[in-house]
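Student: Below is one structure. I have some questions about it.
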Amino acid sequence: MEDISPNVEVRKVISECFRTITSPSDNENVVTALRTLHTFLDEVPRGTITPLPLQQEEFKRSHYTRTLQLLVENIQADWLHSLPAGQRAELWDGLFLRGPPEQSLLVLMEGIRRLSPSTSLDLLVSITEKFLQNGRLSELLSNYCLEAGPSDSPQFRETLLGRIVALPDLTANKLHCNNKLLFLPQQYYPLLATSVLCALERTCRALKDGTNCTLDFVARVLGKLCIQGHSGVIMAAMAPKLSERTRSDMVWQRICWKLLDNVPQSCLESVLTGLVQNVTGPDALGRIMGNLVVNNKKAQFVITHKLLLLQFRLENQVLRTILGYLAADKDRRQLLIQVLRSLSQTWANPSAVKHTPVEQQLYVSKALLLCVSLLRDSELQELRSELLQCLLGGMHSHLDSSVVRIRHMGMVVGECLSSRMDITGTRLKFEYERDEETQELLSMMDPVCENEPVLENGDDVPATNGSPSTEKQSKPELMNNKPDSDLDSDDELTPYDMSDDQQLDQASPPRYLRDCLETLMSSEDPERVELSLRVCEALVKRNVFAAKEISVQLTKVLLHMEDKYSIKDFLALRLAAMVALTVTDCVPVTQYLTTEFYSLNYSLRQRLDILEVLCVAAEELSKPITDHREPSVVPPASTALTLSSYNTDVPWQQVVENRIKNKTKYLRKGATRPPAKACPNRYAPVAGHFFFPLLRNYDKPQVTFDMLGSDHLVLGKLIHTLGHLMHLAVNAPIATQMGRALLDFVWAVRYHVDQTVRRGVIFAVFSVFFSMPTESLMVDLGELLFETRTWLADVAEGDVDAECRSLAVQSLVLLDKNLKNQLRHPKALTFE
């Protein structure tokens with residue numbers, strides 16, 4: 001019964017003040033009522049009676065929110081606008097800025113939501129801005145860090161949490177273009193991160209003073225901020241400060257551990273992702289997180305699985321931070337070994353190599369090499385058999401891929417793993433291009449950057465140890481310093497200048513095509529073989545009739561020819577010669593090549609060469625003949641200048657004009673050549689000989705060749721070649737038949753697991769849309785057209801390969817354009 005009288009007294013005073021505010025008789029009474037309400041807050045104006053502490057607590061707990069709501073309801077009263085600006089800021093604004101910040105913030109946000117655009121809304125917005133500028137947000141969070149903090153309901157805290165996190169969205173939806181700069185996400189969220197740091201600072205001081213604290217509310221605020229997509233901004237402001245604070249203060253480390261431990265499980269992934277991206281290194285991450293990955297299953301799943309295996313957007317430094325954090329403590333090294341097993345299994349999985357993007361495979365390869373570089377020798381010996389199994393299976397899967405980048409990844413990872421394990425003293429060694437990607441993979445085996453500055457102390461080492469260059473320089477100086485050195489008289493003779501000498505060739509190149517054929521067939525002299533191969537293309541083009549007599553025989557010899565003598569540019573020379581034969585004697589050579597493509601006892605290299613020859617030859621046949629170039633109509637400037645300078649009969653005005661013309665640079669002139677003459681397309685009559693024989697036996701597996709099975713590299717090249725042949729047949733009479741046959745062929749392999757085959761299929765479909773007339777598309781392919789469009793839309797949306805998605809989008813655009821043109825102009829052709 002002792003506590004009843006103070007509460008009753010507070011209610012009586014508050015009720016009297018409310019009546020005065022709602023129905024004032026004059027402004028003095030309102031000012032007195034406002035001053036009375038101020039007495040229940042911590043800061044009391046002078047000349048007033050201070051209430052008892054119990055009465056102040058009762059007012060803050062039970063009446064403060066209602067007081068602020070009453071003020072917002074009477075915000076348009078006449079007495080408020082008649083108050084001077086200073087008095088209104090002290091009495092009216094002060095009630096919002098000096099009481100419990102959590103209640104004040106909720107009333108302000110609710111008032112902003114309910115009021116329409118007016119001066120009253122502007123007043124609440126300015127008070128909210130002052131609320132943030134005066135550090136009330138950090139005070140709010142600090143109050144909830146104390147165990148003796150506000151005693152409110154869970155519903156109240158959830159509402160408050162939503163208002164704190166979504167304040168920029170709420171104000172933007174209400175104020176639109178009149179929003180304050182402080183309410184924008186770019187300024188508000190760094191301010192909120194600073195408020196969280198201030199609250200943690202006060203918590204640290206309270207713990208050192210022996211006060212019990214809790215971080216539950218602050219952890220929930222941090223989690224909700226990160227899960228809504230603001231983890232980058234928040235952690236960019238917090239992570240460096242936390243790293244600095246935890247460097248020498250154990251209390252700060254425990255605060256960070258407890259803060260992350262109290263983050264809700266649904267938000268933990270977002271918090272940890274932002275943290276690892278903004279922390280300075282593995283040591284700092286270990287101080288901030290502690291052994292959270294050991295004690296928390298969700299954190300363990302995020303760090304060891306989700307960030308390493310289910311995405312590929314993290315940078316190399318983040319990978320070093322995560323794996324270095326796992327390797328830094330003995331309790332976490334078991335997780336490092338677990339991660340290594342998972343990465344090795346994923347890297348060696350054939351299905352993952354085929355169905356995951358190249359970027360993700362590169363990411364997994366980097367993580368695998370980093371894990372191996374962090375292992376101790378004892379741990380490496382225990383995992384030797386598992387790594388060897390991973391090496392063998394993964395190398396086979398990567399080298400079997402048709403994508404060059406994937407094969408290079410397999411080579412680099414194989415070299416690094418074999419070097420680290422040192423299998424029987426032998427190491428794998430591959431030949432590949434040292435591009436930026438392979439150099440990045442190789443750098444993963446290097447130690448972390450934090451250990452590199454140790455080498456700075458050895459700057460004077462090269463000065464003490466004599467280098468070979470200094471030794472070589474010192475020897476001539478010693479010899480020159482010898483006074484009694486005997487010089488040979490022959491040294492004074494001047495040597496002959498042999499810079500322009502040329503080595504005489506022992507063999508001369510063949511001048512006849514049959515001699516070239518005989519040399520390539522039977523000669524064992526490397527020099528003669530090289531000379532014959534180099535002049536073969538020119539002889540074929542020069543002697544057309546002779547080339548037609550032996551075209552098939554010479555093509556057979558070139559196709560089976562091997563680089564036994566390591567001839568420079570061997571593949572390019574052989575290809576050029578076979579292309580020249582195909583162009584010169586098109587039908588017989590094409591029939592031979594297309595027949596041999598499906599024959600037995602040919603290597604994959606030879607089959608790929610056949611496709612390359614057909615593709616290049618068709619492209620050359622489709623171009624106009626430009627052997628004899630006509631001279632330019634305009635004479636050279638030097639000639640005109642010479643004639644005008646030596647012609648004395650020309651007037652001086654014309655001489656000056658000619659000189660001006662000769663020294664003037666024209667950005668664009670008229671036609672300096674006559675218009676190109678029309679010439680027949682040499683490819684159109686023979687396009688069927690190139691195209692249709694390649695569709696003959698693709699579904700018949702052989703002992704050494706299964707195109708629909710394991711030899712998907714040849715299948716992808718074949719589809720690309722057919723698409724290119726179709727593209728070159730644009731406007732040809734046979735284009736319609738070729739397009740129908742090509743669509744029937746590629747439709748069966750459109751869902752192939754290999755991305756090279758899928759790229760070839762989309763390219764072939766694109767070539768069909770490009771080369772066939774729109775009328776033929778609508779009439780002959782009407783049934784497949786809409787089904788093809790649906791398939792292309794699925795590929796553009798969900799294929800794992802970026803190039804497949806890009807090609808599908810281009811094909812969709814071309815198809816829609818052709819269909820619209822046909823519907824708009826039924827008699828118009830697709831391309832003019």
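We name chains A, B, ... following the order of the structure tokens; residues begin at 1 in each chain, and ligands are numbered from 1 as shown.
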Set the distance at 7 Å and use only C-alpha atoms: which residues neighbour range 370-387 of chain A once local chain neighbours fewer than 2 positions away are removed? I'd like the list as JSON, numbers by chain.
Tutor: {"A": [323, 327, 340, 366, 367, 368, 389, 390, 391, 444, 445]}
Student: Can I get the selected residues back with C-alpha atoms, as a compact mmCIF listing (two decimals), in the first residue's frame?
Tutor:
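What ended up in selection_24.txt:
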# COMPACT_ATOMS: atom_id res chain seq x y z
CA LEU A 323 40.88 -20.69 -44.49
CA ALA A 327 44.06 -23.06 -39.69
CA LEU A 340 39.80 -30.02 -47.67
CA LYS A 366 41.59 -21.75 -55.56
CA ALA A 367 40.13 -22.88 -52.24
CA LEU A 368 41.58 -26.38 -52.70
CA GLN A 389 42.66 -40.34 -55.36
CA CYS A 390 41.32 -36.81 -55.81
CA LEU A 391 44.26 -35.98 -58.08
CA MET A 444 47.35 -19.69 -54.10
CA MET A 445 50.28 -21.91 -53.09
Student: Near Cys586 in chain A, counting only C-alpha atoms, which residues have an atom at most 9 Å away, once you skip same-chain residues fewer than 4 positions from it, shown as a PDB file with N, CA and C atoms, in the first residue's frame?
Tutor:
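Done, and the output landed in part.pdb:
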ATOM      1  N   LEU A 581      43.434 -27.433-101.800  1.00  0.00           N
ATOM      2  CA  LEU A 581      42.977 -28.571-102.600  1.00  0.00           C
ATOM      3  C   LEU A 581      41.465 -28.656-102.619  1.00  0.00           C
ATOM      4  N   THR A 582      40.831 -28.414-101.500  1.00  0.00           N
ATOM      5  CA  THR A 582      39.372 -28.488-101.435  1.00  0.00           C
ATOM      6  C   THR A 582      38.726 -27.401-102.278  1.00  0.00           C
ATOM      7  N   THR A 590      35.856 -33.045-101.204  1.00  0.00           N
ATOM      8  CA  THR A 590      34.824 -32.979-100.162  1.00  0.00           C
ATOM      9  C   THR A 590      34.212 -34.353 -99.918  1.00  0.00           C
ATOM     10  N   GLN A 591      33.945 -35.089-100.996  1.00  0.00           N
ATOM     11  CA  GLN A 591      33.407 -36.443-100.823  1.00  0.00           C
ATOM     12  C   GLN A 591      34.386 -37.331-100.073  1.00  0.00           C
ATOM     13  N   ALA A 617      37.431 -24.033 -96.046  1.00  0.00           N
ATOM     14  CA  ALA A 617      37.253 -24.083 -97.493  1.00  0.00           C
ATOM     15  C   ALA A 617      35.904 -23.505 -97.902  1.00  0.00           C
ATOM     16  N   VAL A 686      27.728 -26.079-104.381  1.00  0.00           N
ATOM     17  CA  VAL A 686      28.338 -27.266-103.771  1.00  0.00           C
ATOM     18  C   VAL A 686      28.058 -27.345-102.271  1.00  0.00           C
ATOM     19  N   HIS A 689      27.249 -30.807-100.875  1.00  0.00           N
ATOM     20  CA  HIS A 689      28.359 -31.758-100.756  1.00  0.00           C
ATOM     21  C   HIS A 689      29.119 -31.560 -99.447  1.00  0.00           C
TER      22      HIS A 689
END
Student: Quick check, in Å to one decimal: how far apart do CA of Val233 in chain A and CA of Tyr189 in chain A lie?
Tutor: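 Between CA of Val233 in chain A and CA of Tyr189 in chain A the gap is 6.9 Å.
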Student: Report as a count of residues only all protein, DNA and RNA residues lying within 7 Å of range 577-579 of chain A, evaluated on only C-alpha atoms, omitting residues in the same chain fewer than 5 positions from it.
Tutor: 6
Student: For Lys429 in chain A, which residue out of A:Ile660, A:Val251, A:Val294, A:Leu417 is the nearest one, using only C-alpha atoms?
Tutor: A:Leu417
Student: Which of these, A:Val746, A:Leu718, A:Leu307, A:Ile255, has the shortest distance to Gly290 in chain A once you count only C-alpha atoms?
Tutor: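 Answer, going by the shortest atom-to-atom distance: A:Ile255.
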Student: Compile a residue-level contact table for range 16-112 of chain A against range 121-142 of chain A at a cut-off of 9 Å, reporting for every qualifying residue the shortest atom pair and its distance in Å to one decimal, with only C-alpha atoms counted, rows ordered by chain and ascending number, as a tab-separated table.
Tutor:
residue	atom	partner	partner_atom	distance
A:Val72	CA	A:Leu124	CA	8.5
A:Ile75	CA	A:Leu123	CA	8.9
A:Asp93	CA	A:Ile127	CA	6.6
A:Phe96	CA	A:Ile127	CA	7.6
A:Leu97	CA	A:Phe131	CA	6.2
A:Arg98	CA	A:Arg136	CA	8.9
A:Pro100	CA	A:Leu140	CA	7.7
A:Pro101	CA	A:Leu140	CA	5.5
A:Glu102	CA	A:Leu140	CA	6.0
A:Ser104	CA	A:Phe131	CA	8.9
A:Leu105	CA	A:Thr128	CA	7.6
A:Leu108	CA	A:Leu124	CA	6.5
A:Met109	CA	A:Thr128	CA	8.1
A:Gly111	CA	A:Leu124	CA	7.3
A:Ile112	CA	A:Leu121	CA	6.2
Student: Find the residue from A:Lys330, A:Gln87, A:Val589, A:Gln69 that sits nearest to Thr32 in chain A; use only C-alpha atoms when measuring.
Tutor: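 When distances to Thr32 in chain A are compared using only C-alpha atoms, the smallest one comes from A:Gln87.
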Student: Considering only C-alpha atoms, return as a ChimeraX atom specification whatever protein or nucleic-acid residues lie within 12 Å of Leu517 in chain A, sequence-local ones (same chain, fewer than 3 positions apart) excluded.
Tutor: /A:510-514,520-523,528-529,531-533,535-537,539-540,546-547,549-558,561,577
Student: I need the residues from that last selection saved to file as a compact mmCIF listing (two decimals), in the first residue's frame (with N, CA, C and O atoms), if you can.
Tutor:
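Written output follows (again00.txt):
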# COMPACT_ATOMS: atom_id res chain seq x y z
N PRO A 510 60.43 -27.96 -104.51
CA PRO A 510 59.91 -28.55 -105.77
C PRO A 510 59.15 -27.51 -106.59
O PRO A 510 58.51 -26.63 -106.04
N ARG A 511 59.21 -27.69 -107.89
CA ARG A 511 58.54 -26.76 -108.80
C ARG A 511 57.30 -27.36 -109.42
O ARG A 511 56.52 -26.66 -110.06
N TYR A 512 57.11 -28.66 -109.25
CA TYR A 512 55.95 -29.35 -109.81
C TYR A 512 55.20 -30.04 -108.67
O TYR A 512 55.80 -30.52 -107.70
N LEU A 513 53.91 -30.12 -108.85
CA LEU A 513 53.06 -30.65 -107.78
C LEU A 513 53.29 -32.14 -107.56
O LEU A 513 53.23 -32.63 -106.44
N ARG A 514 53.56 -32.89 -108.63
CA ARG A 514 53.81 -34.33 -108.45
C ARG A 514 55.12 -34.56 -107.70
O ARG A 514 55.23 -35.51 -106.91
N LEU A 520 56.57 -35.73 -100.17
CA LEU A 520 55.79 -35.91 -98.94
C LEU A 520 55.50 -37.37 -98.65
O LEU A 520 55.34 -37.76 -97.48
N MET A 521 55.45 -38.19 -99.68
CA MET A 521 55.11 -39.60 -99.48
C MET A 521 56.33 -40.43 -99.08
O MET A 521 56.23 -41.28 -98.20
N SER A 522 57.47 -40.19 -99.71
CA SER A 522 58.59 -41.14 -99.57
C SER A 522 59.87 -40.55 -99.01
O SER A 522 60.76 -41.30 -98.60
N SER A 523 60.02 -39.24 -98.99
CA SER A 523 61.31 -38.68 -98.60
C SER A 523 61.48 -38.75 -97.08
O SER A 523 60.52 -38.57 -96.31
N ARG A 528 63.80 -31.34 -97.19
CA ARG A 528 62.99 -31.47 -98.40
C ARG A 528 61.50 -31.54 -98.05
O ARG A 528 60.66 -30.96 -98.75
N VAL A 529 61.19 -32.26 -96.97
CA VAL A 529 59.77 -32.35 -96.56
C VAL A 529 59.24 -30.98 -96.17
O VAL A 529 58.13 -30.58 -96.55
N LEU A 531 60.36 -27.99 -97.15
CA LEU A 531 60.23 -27.15 -98.33
C LEU A 531 59.02 -27.53 -99.16
O LEU A 531 58.30 -26.66 -99.68
N SER A 532 58.76 -28.81 -99.30
CA SER A 532 57.59 -29.25 -100.06
C SER A 532 56.30 -28.82 -99.39
O SER A 532 55.34 -28.41 -100.05
N LEU A 533 56.26 -28.92 -98.08
CA LEU A 533 55.05 -28.53 -97.37
C LEU A 533 54.81 -27.02 -97.46
O LEU A 533 53.66 -26.57 -97.55
N VAL A 535 55.65 -24.99 -99.96
CA VAL A 535 55.26 -24.53 -101.30
C VAL A 535 54.03 -25.26 -101.83
O VAL A 535 53.59 -24.98 -102.94
N CYS A 536 53.48 -26.18 -101.05
CA CYS A 536 52.37 -27.00 -101.55
C CYS A 536 51.16 -26.14 -101.89
O CYS A 536 50.53 -26.30 -102.94
N GLU A 537 50.79 -25.23 -101.02
CA GLU A 537 49.61 -24.40 -101.25
C GLU A 537 49.78 -23.56 -102.51
O GLU A 537 48.86 -23.46 -103.35
N LEU A 539 51.70 -24.15 -105.12
CA LEU A 539 51.68 -25.00 -106.31
C LEU A 539 50.27 -25.41 -106.68
O LEU A 539 49.93 -25.50 -107.88
N VAL A 540 49.43 -25.68 -105.67
CA VAL A 540 48.04 -26.06 -105.95
C VAL A 540 47.30 -24.91 -106.62
O VAL A 540 46.55 -25.10 -107.60
N ALA A 546 46.78 -29.67 -112.87
CA ALA A 546 47.59 -30.71 -112.22
C ALA A 546 47.06 -31.05 -110.83
O ALA A 546 47.10 -32.20 -110.40
N ALA A 547 46.56 -30.03 -110.13
CA ALA A 547 46.02 -30.27 -108.79
C ALA A 547 44.77 -31.14 -108.83
O ALA A 547 44.57 -32.00 -107.96
N GLU A 549 44.14 -33.52 -110.89
CA GLU A 549 44.48 -34.91 -111.18
C GLU A 549 44.87 -35.68 -109.92
O GLU A 549 44.60 -36.87 -109.81
N ILE A 550 45.55 -35.03 -108.99
CA ILE A 550 46.05 -35.74 -107.79
C ILE A 550 45.47 -35.14 -106.51
O ILE A 550 46.04 -35.30 -105.44
N SER A 551 44.34 -34.46 -106.59
CA SER A 551 43.79 -33.75 -105.42
C SER A 551 43.45 -34.70 -104.28
O SER A 551 43.83 -34.47 -103.12
N VAL A 552 42.76 -35.79 -104.60
CA VAL A 552 42.34 -36.73 -103.55
C VAL A 552 43.55 -37.43 -102.95
O VAL A 552 43.66 -37.60 -101.73
N GLN A 553 44.49 -37.85 -103.80
CA GLN A 553 45.68 -38.55 -103.30
C GLN A 553 46.52 -37.63 -102.42
O GLN A 553 47.00 -38.04 -101.35
N LEU A 554 46.70 -36.37 -102.85
CA LEU A 554 47.50 -35.44 -102.04
C LEU A 554 46.78 -35.10 -100.74
O LEU A 554 47.42 -34.95 -99.68
N THR A 555 45.47 -34.99 -100.78
CA THR A 555 44.70 -34.73 -99.55
C THR A 555 44.86 -35.89 -98.57
O THR A 555 45.00 -35.68 -97.35
N LYS A 556 44.85 -37.11 -99.09
CA LYS A 556 45.03 -38.29 -98.22
C LYS A 556 46.40 -38.28 -97.56
O LYS A 556 46.55 -38.57 -96.37
N VAL A 557 47.42 -37.92 -98.34
CA VAL A 557 48.78 -37.87 -97.78
C VAL A 557 48.87 -36.79 -96.71
O VAL A 557 49.45 -37.02 -95.62
N LEU A 558 48.32 -35.63 -96.97
CA LEU A 558 48.39 -34.54 -95.99
C LEU A 558 47.58 -34.86 -94.73
O LEU A 558 47.99 -34.52 -93.62
N MET A 561 49.61 -37.22 -92.60
CA MET A 561 50.97 -36.78 -92.35
C MET A 561 51.14 -36.38 -90.89
O MET A 561 50.28 -35.74 -90.29
N ALA A 577 47.31 -26.14 -97.15
CA ALA A 577 47.41 -26.96 -98.36
C ALA A 577 46.12 -27.74 -98.60
O ALA A 577 45.63 -27.82 -99.75
Student: Could you please write out, as a ChimeraX atom specification, every residue of range 262-386 of chain A that DSSP assigns to helix (DSSP H, G or I)?
Tutor: /A:262,265-278,282-289,292-295,297-309,316-327,333-348,350-355,358-374,377-382,384-386
Student: Would you put the residues from that selection into a file with C-alpha atoms, as a CSV table (one decimal), in the first residue's frame?
Tutor:
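Written output follows (out20.csv):
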chain,number,residue,atom,x,y,z
A,262,ASN,CA,23.3,-14.0,-29.8
A,265,GLN,CA,20.2,-18.2,-36.5
A,266,SER,CA,18.2,-16.9,-39.5
A,267,CYS,CA,20.4,-13.9,-39.7
A,268,LEU,CA,23.8,-15.5,-38.9
A,269,GLU,CA,24.7,-16.1,-42.6
A,270,SER,CA,24.3,-12.5,-43.6
A,271,VAL,CA,26.3,-11.3,-40.6
A,272,LEU,CA,29.2,-13.7,-41.1
A,273,THR,CA,29.3,-13.0,-44.9
A,274,GLY,CA,29.6,-9.3,-44.3
A,275,LEU,CA,32.2,-9.8,-41.6
A,276,VAL,CA,34.6,-12.0,-43.6
A,277,GLN,CA,34.4,-9.6,-46.5
A,278,ASN,CA,35.4,-6.5,-44.4
A,282,PRO,CA,42.5,-14.2,-40.4
A,283,ASP,CA,44.0,-13.0,-37.1
A,284,ALA,CA,41.4,-10.3,-36.8
A,285,LEU,CA,38.6,-12.7,-37.8
A,286,GLY,CA,39.8,-15.1,-35.1
A,287,ARG,CA,39.7,-12.4,-32.4
A,288,ILE,CA,36.2,-11.3,-33.4
A,289,MET,CA,34.6,-14.7,-33.9
A,292,LEU,CA,32.1,-19.8,-33.0
A,293,VAL,CA,32.4,-22.3,-35.9
A,294,VAL,CA,33.2,-25.0,-33.4
A,295,ASN,CA,30.3,-24.3,-31.0
A,297,LYS,CA,26.4,-25.6,-36.2
A,298,LYS,CA,24.9,-22.8,-38.4
A,299,ALA,CA,28.1,-20.8,-38.3
A,300,GLN,CA,30.1,-24.0,-39.1
A,301,PHE,CA,27.9,-24.7,-42.1
A,302,VAL,CA,28.2,-21.1,-43.4
A,303,ILE,CA,32.0,-20.9,-43.0
A,304,THR,CA,33.0,-24.4,-44.1
A,305,HIS,CA,30.4,-25.1,-46.7
A,306,LYS,CA,28.2,-22.3,-48.0
A,307,LEU,CA,30.9,-19.7,-48.5
A,308,LEU,CA,33.3,-22.2,-50.1
A,309,LEU,CA,31.2,-24.6,-52.1
A,316,ASN,CA,41.0,-14.3,-53.1
A,317,GLN,CA,41.7,-12.2,-49.9
A,318,VAL,CA,38.4,-13.4,-48.4
A,319,LEU,CA,39.3,-17.0,-49.2
A,320,ARG,CA,42.7,-16.5,-47.5
A,321,THR,CA,40.9,-15.0,-44.5
A,322,ILE,CA,38.4,-17.8,-44.1
A,323,LEU,CA,40.9,-20.7,-44.5
A,324,GLY,CA,43.6,-18.9,-42.5
A,325,TYR,CA,41.1,-18.5,-39.7
A,326,LEU,CA,40.3,-22.2,-39.7
A,327,ALA,CA,44.1,-23.1,-39.7
A,333,ARG,CA,42.1,-27.3,-37.7
A,334,GLN,CA,39.8,-30.4,-37.9
A,335,LEU,CA,37.4,-28.2,-39.7
A,336,LEU,CA,40.2,-27.2,-42.1
A,337,ILE,CA,40.8,-30.9,-42.9
A,338,GLN,CA,37.0,-31.4,-43.3
A,339,VAL,CA,36.9,-28.5,-45.7
A,340,LEU,CA,39.8,-30.0,-47.7
A,341,ARG,CA,37.9,-33.3,-48.0
A,342,SER,CA,34.8,-31.6,-49.3
A,343,LEU,CA,36.7,-29.4,-51.7
A,344,SER,CA,38.7,-32.4,-53.1
A,345,GLN,CA,35.6,-34.4,-53.6
A,346,THR,CA,33.8,-31.5,-55.4
A,347,TRP,CA,36.8,-30.8,-57.6
A,348,ALA,CA,37.1,-34.5,-58.6
A,350,PRO,CA,32.8,-35.5,-63.0
A,351,SER,CA,29.2,-34.3,-62.6
A,352,ALA,CA,30.3,-31.1,-61.0
A,353,VAL,CA,32.8,-30.4,-63.8
A,354,LYS,CA,30.1,-30.8,-66.4
A,355,HIS,CA,27.2,-29.0,-64.7
A,358,VAL,CA,33.5,-22.4,-65.0
A,359,GLU,CA,33.7,-19.5,-62.5
A,360,GLN,CA,32.6,-21.8,-59.6
A,361,GLN,CA,35.1,-24.4,-60.6
A,362,LEU,CA,37.9,-21.8,-60.6
A,363,TYR,CA,36.7,-20.7,-57.1
A,364,VAL,CA,36.8,-24.3,-55.8
A,365,SER,CA,40.3,-24.8,-57.4
A,366,LYS,CA,41.6,-21.7,-55.6
A,367,ALA,CA,40.1,-22.9,-52.2
A,368,LEU,CA,41.6,-26.4,-52.7
A,369,LEU,CA,45.1,-25.1,-53.4
A,370,LEU,CA,44.9,-22.7,-50.4
A,371,CYS,CA,43.8,-25.6,-48.1
A,372,VAL,CA,46.7,-27.7,-49.3
A,373,SER,CA,49.2,-24.9,-48.8
A,374,LEU,CA,48.0,-24.5,-45.1
A,377,ASP,CA,53.5,-32.1,-43.3
A,378,SER,CA,52.1,-34.6,-40.8
A,379,GLU,CA,48.6,-33.8,-41.8
A,380,LEU,CA,49.5,-34.1,-45.5
A,381,GLN,CA,50.9,-37.6,-44.9
A,382,GLU,CA,47.7,-38.7,-43.3
A,384,ARG,CA,48.0,-38.5,-48.9
A,385,SER,CA,45.9,-41.4,-50.2
A,386,GLU,CA,42.7,-39.2,-50.3
